[in-house]
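J.: One structure coming up, written as structure tokens, with questions to follow.
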Amino acid sequence: FYAGFAKHDIFSGLLLLVALQLVLAWRARPTTGRLIALAAALGLGLASSWPLQLLILPTVAFVLFVSRSRLSLRALASATATGLVVIVAMYGFVMVRASENPPLNWGGATTVGRLVALIDRVDFTPHGGIAPAGHAPAASGAGGGQPPSSQSGGAPSVIAPAAVTDNLSGYVTIFGRELGVLGLLLAAFGLLASLTRRRTAASYPLLITFLVNLIGATAVVDFGASDRGFDGDLVGEGFVLGCYFVLACWLAIGANELVGIVGGTRMAGRLRLAGRSRLFAPVAGAVLGAAVVVPLALGNWSVVHRDSKPFADRYGSTVLSELPPHAAIFILGAELTQPLVYRQVVYHQRPDVVVVAADGLSYGWYREQLSRRLGVSLPQATGDQPLDAARAIDAVARVRPVYLDPQAAQSLKGVIGYRPVGIVSQLASGHGSAYVSAPAQLEQRVLEAERQAGFPNHNWEVWPNDYVEQAEYGQAALEVARAYYEHRDFAGMRRALVNGLSVEPGDAVAERDLALLNRNGAGG
């Protein structure tokens, strides 16, 4: 899931595991080399994902403290110097690479100030302003529908310490959904065993790692505060990787203990009398493993099996194919912007098109980057995001034809005009949706886009595919219905609404407008 979503969590988690392994190895046999390797792993982790790696530091401090009699000042100084050199080297690379203006430039992190902003995740702080709009009605002027719910843009928000304890109960549900009830019970059994009869030098470091990671994720991103479902868990689980690694250890200990206990029962004794005692442990382990894994695999298969179709790639290719030469397209939402950039960078499709992240216009570095590429000065930002976006669009329209994706068009319809030409819309005069002279032609382009996307397909019903489905294809189908309505072609409108429901089953706007047509006896 994360590999397809360009997340760093797997690499960052590996560095956390390496650091944990090295600190335990140092405790078993303290050497300067192991301490230096630990510092290097910590430095790499702090450069990859400092919030996650920061949470392993209390564990490292605990191990060093309890073994302080074997810790030499010279080894500690060498390790500290190594860690600092690694951190400076990693962040120095970021600054040098960002200055070359590649497609990924870490938010223009070319100065110390911008580097600090990157580390502090300033660009992920909510600014208000442009927000994904609800689906516009196809037939009437009343608003309707709920906005597409992208779950990847959750911004960090520190919560009060008193609320941390209340939120911890949510983790039981989250971890249970990931590990299953049996897996969670085995992990709890393993925790008890690791602190009692199976206590080792790793027992307390594991417990500290788990608790610090749990509390840190709760305090920083409020993870576990509400049940967002399996999709929400997938998005936020990068913040609790440390917890999952420890749970895996406890689960293994618990399973081993349970097999050992059952092995001492009367049934195991009978097997020994039959000369088959050596088979008991592996068979019991296999049965227990199947009991944990098989229900999870069957129950969550449709949720996690998201890589069967390259839906985002098809969307990006379709949108680029609809644009004229040297166009600029304004898109609202990272999940909708990045597939186009990916097509341009990896497949070199339509490099003449400028893809503008409309929600990035709040940032000075991004406006400067656009100005350099387009050769046009963007107006000074006022802090009013819809107005700033409209002014930026007007400036770009002087040098390039401007288009918008459906979500950006809906969000900015109060300050700009647009005319649907397919999945995308062309900038038009006035405000809101402009008159479409040929609804049938628009309908055919939208249907062709749907065909290329593979509709209907149940894989479109899981996040993040359903976000693209709602924000782009579902809204495009409603625009076709609106165009037919303006021509008073109710049969065409009905056809477009039925098609919209095949793309996005249960869409409230399409169902409402179909009900209006039925009550009025229009459209057949």
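Residue names in the structure tokens use chain letters A, B, ... in the order shown, residue numbers from 1 in each chain, and ligand numbers from 1 in the order shown.
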Please list as a ChimeraX atom specification every residue within 7 Å of Gly43 (chain A), counting only C-alpha atoms and excluding residues in the same chain fewer than 4 positions away.

T.: /A:39,47,83-84,86-87

J.: Compile the contact shell of Thr31 (chain A) as a tab-separated table (two decimals) with N, CA and C atoms, in the first residue's frame: residues with an atom at most 12 Å away, counting only C-alpha atoms, same-chain residues fewer than 4 positions apart removed.

T.:
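Output saved as around.tsv:
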chain	number	residue	atom	x	y	z
A	22	LEU	N	20.62	-2.57	17.30
A	22	LEU	CA	21.99	-2.17	17.64
A	22	LEU	C	22.13	-1.80	19.11
A	23	VAL	N	21.11	-1.14	19.68
A	23	VAL	CA	21.24	-0.77	21.09
A	23	VAL	C	21.17	-2.00	21.98
A	24	LEU	N	20.38	-3.00	21.59
A	24	LEU	CA	20.33	-4.24	22.36
A	24	LEU	C	21.63	-5.04	22.17
A	25	ALA	N	22.18	-5.00	20.94
A	25	ALA	CA	23.46	-5.67	20.71
A	25	ALA	C	24.59	-5.02	21.51
A	26	TRP	N	24.54	-3.68	21.60
A	26	TRP	CA	25.56	-2.97	22.40
A	26	TRP	C	25.44	-3.35	23.87
A	27	ARG	N	24.22	-3.50	24.36
A	27	ARG	CA	24.05	-3.86	25.77
A	27	ARG	C	24.60	-5.26	26.03
A	35	LEU	N	28.35	1.20	19.08
A	35	LEU	CA	27.77	2.48	19.49
A	35	LEU	C	27.80	3.48	18.33
A	36	ILE	N	28.87	3.47	17.55
A	36	ILE	CA	28.97	4.35	16.39
A	36	ILE	C	27.92	3.95	15.34
A	37	ALA	N	27.75	2.64	15.13
A	37	ALA	CA	26.74	2.18	14.18
A	37	ALA	C	25.34	2.59	14.64
A	38	LEU	N	25.09	2.52	15.95
A	38	LEU	CA	23.80	2.96	16.49
A	38	LEU	C	23.57	4.45	16.21
A	70	ARG	N	29.50	0.51	31.78
A	70	ARG	CA	30.29	-0.03	30.66
A	70	ARG	C	30.36	0.95	29.49
A	71	LEU	N	29.90	2.19	29.72
A	71	LEU	CA	29.88	3.20	28.67
A	71	LEU	C	31.04	4.16	28.88
A	72	SER	N	31.98	4.18	27.92
A	72	SER	CA	33.12	5.08	28.05
A	72	SER	C	32.81	6.42	27.41
A	74	ARG	N	34.82	8.28	25.75
A	74	ARG	CA	35.41	8.34	24.41
A	74	ARG	C	34.48	7.71	23.37
A	75	ALA	N	33.89	6.55	23.71
A	75	ALA	CA	32.97	5.90	22.78
A	75	ALA	C	31.73	6.75	22.57
A	76	LEU	N	31.22	7.35	23.64
A	76	LEU	CA	30.04	8.19	23.53
A	76	LEU	C	30.31	9.41	22.66
A	78	SER	N	32.61	9.69	20.27
A	78	SER	CA	32.77	9.25	18.88
A	78	SER	C	31.41	8.98	18.23
A	79	ALA	N	30.52	8.35	18.98
A	79	ALA	CA	29.19	8.05	18.46
A	79	ALA	C	28.39	9.33	18.22

J.: Restricting the calculation to only C-alpha atoms, which member of A:Glu368, A:Glu257, A:Glu479, A:Glu450 is positioned closest to Arg419 (chain A)?

T.: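 Nearest to Arg419 (chain A): A:Glu479.
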
J.: Using only C-alpha atoms, which protein or nucleic acid residues come within 10 Å of Leu247 (chain A)? Drop anything in the same chain fewer than 6 positions from it, and give the result as a PyMOL selection string.

T.: chain A and resi 175+179+183-184+186-188+190-191+206-207+210+241+253

J.: Could you give me, as a ChimeraX atom specification, the residues within 8 Å of region 320-326 of chain A, counting only C-alpha atoms and dropping anything in the same chain fewer than 4 positions from it?

T.: /A:316,340,349-350,352-354,400-401,403,422-424

J.: What is the distance, in Å and to one decimal place, between CA of Val346 (chain A) and CA of Ala312 (chain A)?

T.: 13.9 Å

J.: Taking the DSSP assignment computed from this structure's backbone, write out as number ranges by chain all residues of region 289-455 of chain A that belong to helix (DSSP H, G or I).

T.: A: 289-304, 311-321, 334-347, 358-360, 364-374, 385-397, 406-411, 439-453

J.: Taking the chain letters and numbering used in this document, name the residues of region 255-406 of chain A that DSSP puts in strand (DSSP E or B), as a list in words.

T.: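 The strand (DSSP E or B) subset of region 255-406 of chain A is Ala328, Ile329, Phe330, Ile331, Val354, Val355, Val356, Ala357, Val402, Tyr403 and Leu404 of chain A.
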
J.: Report, in Å with one decimal, the straight-line distance from CA of Lys413 (chain A) to CA of Phe455 (chain A).

T.: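 Spanning CA of Lys413 (chain A) to CA of Phe455 (chain A) is a straight-line distance of 27.5 Å.
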
J.: Within 12 Å of Leu258 (chain A), counting only C-alpha atoms, which residues show up once you throw out same-chain ones fewer than 6 positions away? Write them as a list of chain:residue names, please.

T.: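 With the cut-off at 12 Å, the set is A:Leu185, A:Leu186, A:Ala187, A:Ala188, A:Phe189, A:Gly190, A:Ala193, A:Leu251, A:Ala252, A:Gly264, A:Thr265, A:Ala281, A:Ala284, A:Gly285, A:Val287, A:Leu288, A:Gly289.
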
J.: Those selected residues, please, written with N, CA, C and O atoms and delivered as a tab-separated table (two decimals), in the first residue's frame.

T.:
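Written file, part-v4.tsv:
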chain	number	residue	atom	x	y	z
A	185	LEU	N	-4.75	-10.97	21.58
A	185	LEU	CA	-4.69	-11.72	22.83
A	185	LEU	C	-3.33	-12.38	23.00
A	185	LEU	O	-2.76	-12.40	24.11
A	186	LEU	N	-2.79	-12.93	21.92
A	186	LEU	CA	-1.46	-13.54	21.99
A	186	LEU	C	-0.40	-12.50	22.32
A	186	LEU	O	0.54	-12.78	23.08
A	187	ALA	N	-0.53	-11.30	21.74
A	187	ALA	CA	0.43	-10.24	22.03
A	187	ALA	C	0.36	-9.84	23.50
A	187	ALA	O	1.39	-9.61	24.15
A	188	ALA	N	-0.86	-9.75	24.05
A	188	ALA	CA	-1.02	-9.43	25.47
A	188	ALA	C	-0.41	-10.52	26.35
A	188	ALA	O	0.25	-10.24	27.36
A	189	PHE	N	-0.63	-11.78	25.95
A	189	PHE	CA	-0.04	-12.90	26.68
A	189	PHE	C	1.49	-12.84	26.59
A	189	PHE	O	2.20	-13.08	27.58
A	190	GLY	N	2.00	-12.50	25.42
A	190	GLY	CA	3.44	-12.37	25.25
A	190	GLY	C	4.03	-11.25	26.07
A	190	GLY	O	5.15	-11.36	26.60
A	193	ALA	N	4.30	-12.49	29.60
A	193	ALA	CA	5.40	-13.46	29.71
A	193	ALA	C	6.75	-12.78	29.66
A	193	ALA	O	7.68	-13.16	30.39
A	251	LEU	N	3.66	-10.98	20.11
A	251	LEU	CA	2.81	-12.02	19.54
A	251	LEU	C	3.60	-13.32	19.39
A	251	LEU	O	3.11	-14.41	19.70
A	252	ALA	N	4.85	-13.19	18.92
A	252	ALA	CA	5.69	-14.38	18.76
A	252	ALA	C	5.98	-15.04	20.11
A	252	ALA	O	5.92	-16.27	20.25
A	264	GLY	N	2.59	-29.34	27.49
A	264	GLY	CA	2.71	-30.03	28.77
A	264	GLY	C	1.41	-30.64	29.24
A	264	GLY	O	1.33	-31.13	30.37
A	265	THR	N	0.38	-30.59	28.42
A	265	THR	CA	-0.94	-31.12	28.81
A	265	THR	C	-1.01	-32.62	28.61
A	265	THR	O	-0.10	-33.26	28.09
A	281	ALA	N	5.05	-29.57	18.52
A	281	ALA	CA	5.34	-28.13	18.49
A	281	ALA	C	5.17	-27.53	17.08
A	281	ALA	O	4.49	-26.51	16.93
A	284	ALA	N	1.37	-27.60	16.19
A	284	ALA	CA	0.63	-26.62	16.99
A	284	ALA	C	0.95	-25.20	16.54
A	284	ALA	O	0.06	-24.34	16.45
A	285	GLY	N	2.22	-24.93	16.23
A	285	GLY	CA	2.59	-23.60	15.75
A	285	GLY	C	1.94	-23.27	14.42
A	285	GLY	O	1.48	-22.15	14.20
A	287	VAL	N	-0.89	-24.53	13.23
A	287	VAL	CA	-2.33	-24.33	13.45
A	287	VAL	C	-2.59	-22.96	14.05
A	287	VAL	O	-3.51	-22.23	13.65
A	288	LEU	N	-1.77	-22.59	15.03
A	288	LEU	CA	-1.95	-21.28	15.67
A	288	LEU	C	-1.70	-20.15	14.68
A	288	LEU	O	-2.44	-19.15	14.64
A	289	GLY	N	-0.66	-20.29	13.86
A	289	GLY	CA	-0.37	-19.27	12.86
A	289	GLY	C	-1.51	-19.12	11.87
A	289	GLY	O	-1.89	-18.00	11.50

J.: A:Ala358, A:Val246, A:Val399, A:Ala89: which is nearest Leu374 (chain A), counting only C-alpha atoms?

T.: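 So, comparing all the options, the nearest one is A:Val399.
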
J.: So which residues touch Pro456 (chain A) within 12 Å, counting only C-alpha atoms, skipping near sequence neighbours fewer than 4 positions away, as a PyMOL selection string?

T.: chain A and resi 311+447+449-452+460-461+466+469+473-474+499-505

J.: Take the residues from that selection and write them out as a PDB file, in the first residue's frame, keeping N, CA, C and O atoms.

T.:
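Once everything was written out, this is again-v5.pdb:
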ATOM      1  N   PHE A 311      -5.244   2.558 -11.228  1.00  0.00           N
ATOM      2  CA  PHE A 311      -6.312   3.526 -11.459  1.00  0.00           C
ATOM      3  C   PHE A 311      -5.801   4.971 -11.481  1.00  0.00           C
ATOM      4  O   PHE A 311      -6.192   5.760 -12.325  1.00  0.00           O
ATOM      5  N   LEU A 447     -17.525   9.620 -21.131  1.00  0.00           N
ATOM      6  CA  LEU A 447     -17.688   8.165 -21.219  1.00  0.00           C
ATOM      7  C   LEU A 447     -16.385   7.492 -21.654  1.00  0.00           C
ATOM      8  O   LEU A 447     -16.055   6.402 -21.171  1.00  0.00           O
ATOM      9  N   ALA A 449     -13.387   8.617 -21.040  1.00  0.00           N
ATOM     10  CA  ALA A 449     -12.512   8.665 -19.868  1.00  0.00           C
ATOM     11  C   ALA A 449     -12.879   7.566 -18.874  1.00  0.00           C
ATOM     12  O   ALA A 449     -11.998   6.920 -18.292  1.00  0.00           O
ATOM     13  N   GLU A 450     -14.163   7.338 -18.683  1.00  0.00           N
ATOM     14  CA  GLU A 450     -14.609   6.272 -17.782  1.00  0.00           C
ATOM     15  C   GLU A 450     -14.181   4.901 -18.319  1.00  0.00           C
ATOM     16  O   GLU A 450     -13.783   4.022 -17.544  1.00  0.00           O
ATOM     17  N   ARG A 451     -14.278   4.732 -19.635  1.00  0.00           N
ATOM     18  CA  ARG A 451     -13.879   3.451 -20.227  1.00  0.00           C
ATOM     19  C   ARG A 451     -12.387   3.198 -19.998  1.00  0.00           C
ATOM     20  O   ARG A 451     -11.987   2.090 -19.622  1.00  0.00           O
ATOM     21  N   GLN A 452     -11.578   4.223 -20.202  1.00  0.00           N
ATOM     22  CA  GLN A 452     -10.149   4.076 -19.980  1.00  0.00           C
ATOM     23  C   GLN A 452      -9.838   3.797 -18.506  1.00  0.00           C
ATOM     24  O   GLN A 452      -8.871   3.100 -18.185  1.00  0.00           O
ATOM     25  N   TRP A 460     -12.638   0.510  -7.470  1.00  0.00           N
ATOM     26  CA  TRP A 460     -12.802   1.953  -7.361  1.00  0.00           C
ATOM     27  C   TRP A 460     -13.495   2.343  -6.061  1.00  0.00           C
ATOM     28  O   TRP A 460     -13.555   3.530  -5.728  1.00  0.00           O
ATOM     29  N   GLU A 461     -14.017   1.368  -5.327  1.00  0.00           N
ATOM     30  CA  GLU A 461     -14.792   1.688  -4.134  1.00  0.00           C
ATOM     31  C   GLU A 461     -13.949   1.742  -2.869  1.00  0.00           C
ATOM     32  O   GLU A 461     -14.487   1.929  -1.780  1.00  0.00           O
ATOM     33  N   ASP A 466     -11.497   5.660  -4.325  1.00  0.00           N
ATOM     34  CA  ASP A 466     -12.830   6.250  -4.263  1.00  0.00           C
ATOM     35  C   ASP A 466     -12.767   7.777  -4.177  1.00  0.00           C
ATOM     36  O   ASP A 466     -13.706   8.464  -4.573  1.00  0.00           O
ATOM     37  N   GLU A 469     -12.430   8.806  -7.679  1.00  0.00           N
ATOM     38  CA  GLU A 469     -13.722   8.529  -8.296  1.00  0.00           C
ATOM     39  C   GLU A 469     -14.728   9.644  -8.011  1.00  0.00           C
ATOM     40  O   GLU A 469     -15.374  10.175  -8.915  1.00  0.00           O
ATOM     41  N   TYR A 473     -14.353  11.777 -11.539  1.00  0.00           N
ATOM     42  CA  TYR A 473     -15.274  11.128 -12.479  1.00  0.00           C
ATOM     43  C   TYR A 473     -16.733  11.363 -12.089  1.00  0.00           C
ATOM     44  O   TYR A 473     -17.579  11.609 -12.955  1.00  0.00           O
ATOM     45  N   GLY A 474     -17.031  11.262 -10.799  1.00  0.00           N
ATOM     46  CA  GLY A 474     -18.407  11.496 -10.375  1.00  0.00           C
ATOM     47  C   GLY A 474     -18.862  12.912 -10.674  1.00  0.00           C
ATOM     48  O   GLY A 474     -19.979  13.139 -11.161  1.00  0.00           O
ATOM     49  N   ASN A 499     -25.682   7.109 -15.586  1.00  0.00           N
ATOM     50  CA  ASN A 499     -24.262   6.799 -15.775  1.00  0.00           C
ATOM     51  C   ASN A 499     -23.455   7.235 -14.558  1.00  0.00           C
ATOM     52  O   ASN A 499     -22.545   6.527 -14.121  1.00  0.00           O
ATOM     53  N   GLY A 500     -23.783   8.403 -13.997  1.00  0.00           N
ATOM     54  CA  GLY A 500     -23.070   8.871 -12.813  1.00  0.00           C
ATOM     55  C   GLY A 500     -23.212   7.923 -11.642  1.00  0.00           C
ATOM     56  O   GLY A 500     -22.260   7.699 -10.894  1.00  0.00           O
ATOM     57  N   LEU A 501     -24.402   7.321 -11.502  1.00  0.00           N
ATOM     58  CA  LEU A 501     -24.607   6.370 -10.420  1.00  0.00           C
ATOM     59  C   LEU A 501     -23.870   5.059 -10.671  1.00  0.00           C
ATOM     60  O   LEU A 501     -23.530   4.345  -9.731  1.00  0.00           O
ATOM     61  N   SER A 502     -23.616   4.727 -11.934  1.00  0.00           N
ATOM     62  CA  SER A 502     -22.810   3.535 -12.215  1.00  0.00           C
ATOM     63  C   SER A 502     -21.350   3.777 -11.859  1.00  0.00           C
ATOM     64  O   SER A 502     -20.622   2.851 -11.507  1.00  0.00           O
ATOM     65  N   VAL A 503     -20.930   5.042 -11.947  1.00  0.00           N
ATOM     66  CA  VAL A 503     -19.563   5.407 -11.564  1.00  0.00           C
ATOM     67  C   VAL A 503     -19.451   5.533 -10.055  1.00  0.00           C
ATOM     68  O   VAL A 503     -18.512   5.029  -9.434  1.00  0.00           O
ATOM     69  N   GLU A 504     -20.406   6.213  -9.463  1.00  0.00           N
ATOM     70  CA  GLU A 504     -20.392   6.458  -8.021  1.00  0.00           C
ATOM     71  C   GLU A 504     -21.736   6.047  -7.431  1.00  0.00           C
ATOM     72  O   GLU A 504     -22.620   6.874  -7.246  1.00  0.00           O
ATOM     73  N   PRO A 505     -21.915   4.771  -7.148  1.00  0.00           N
ATOM     74  CA  PRO A 505     -23.186   4.301  -6.599  1.00  0.00           C
ATOM     75  C   PRO A 505     -23.540   5.023  -5.302  1.00  0.00           C
ATOM     76  O   PRO A 505     -22.686   5.254  -4.446  1.00  0.00           O
TER      77      PRO A 505
END
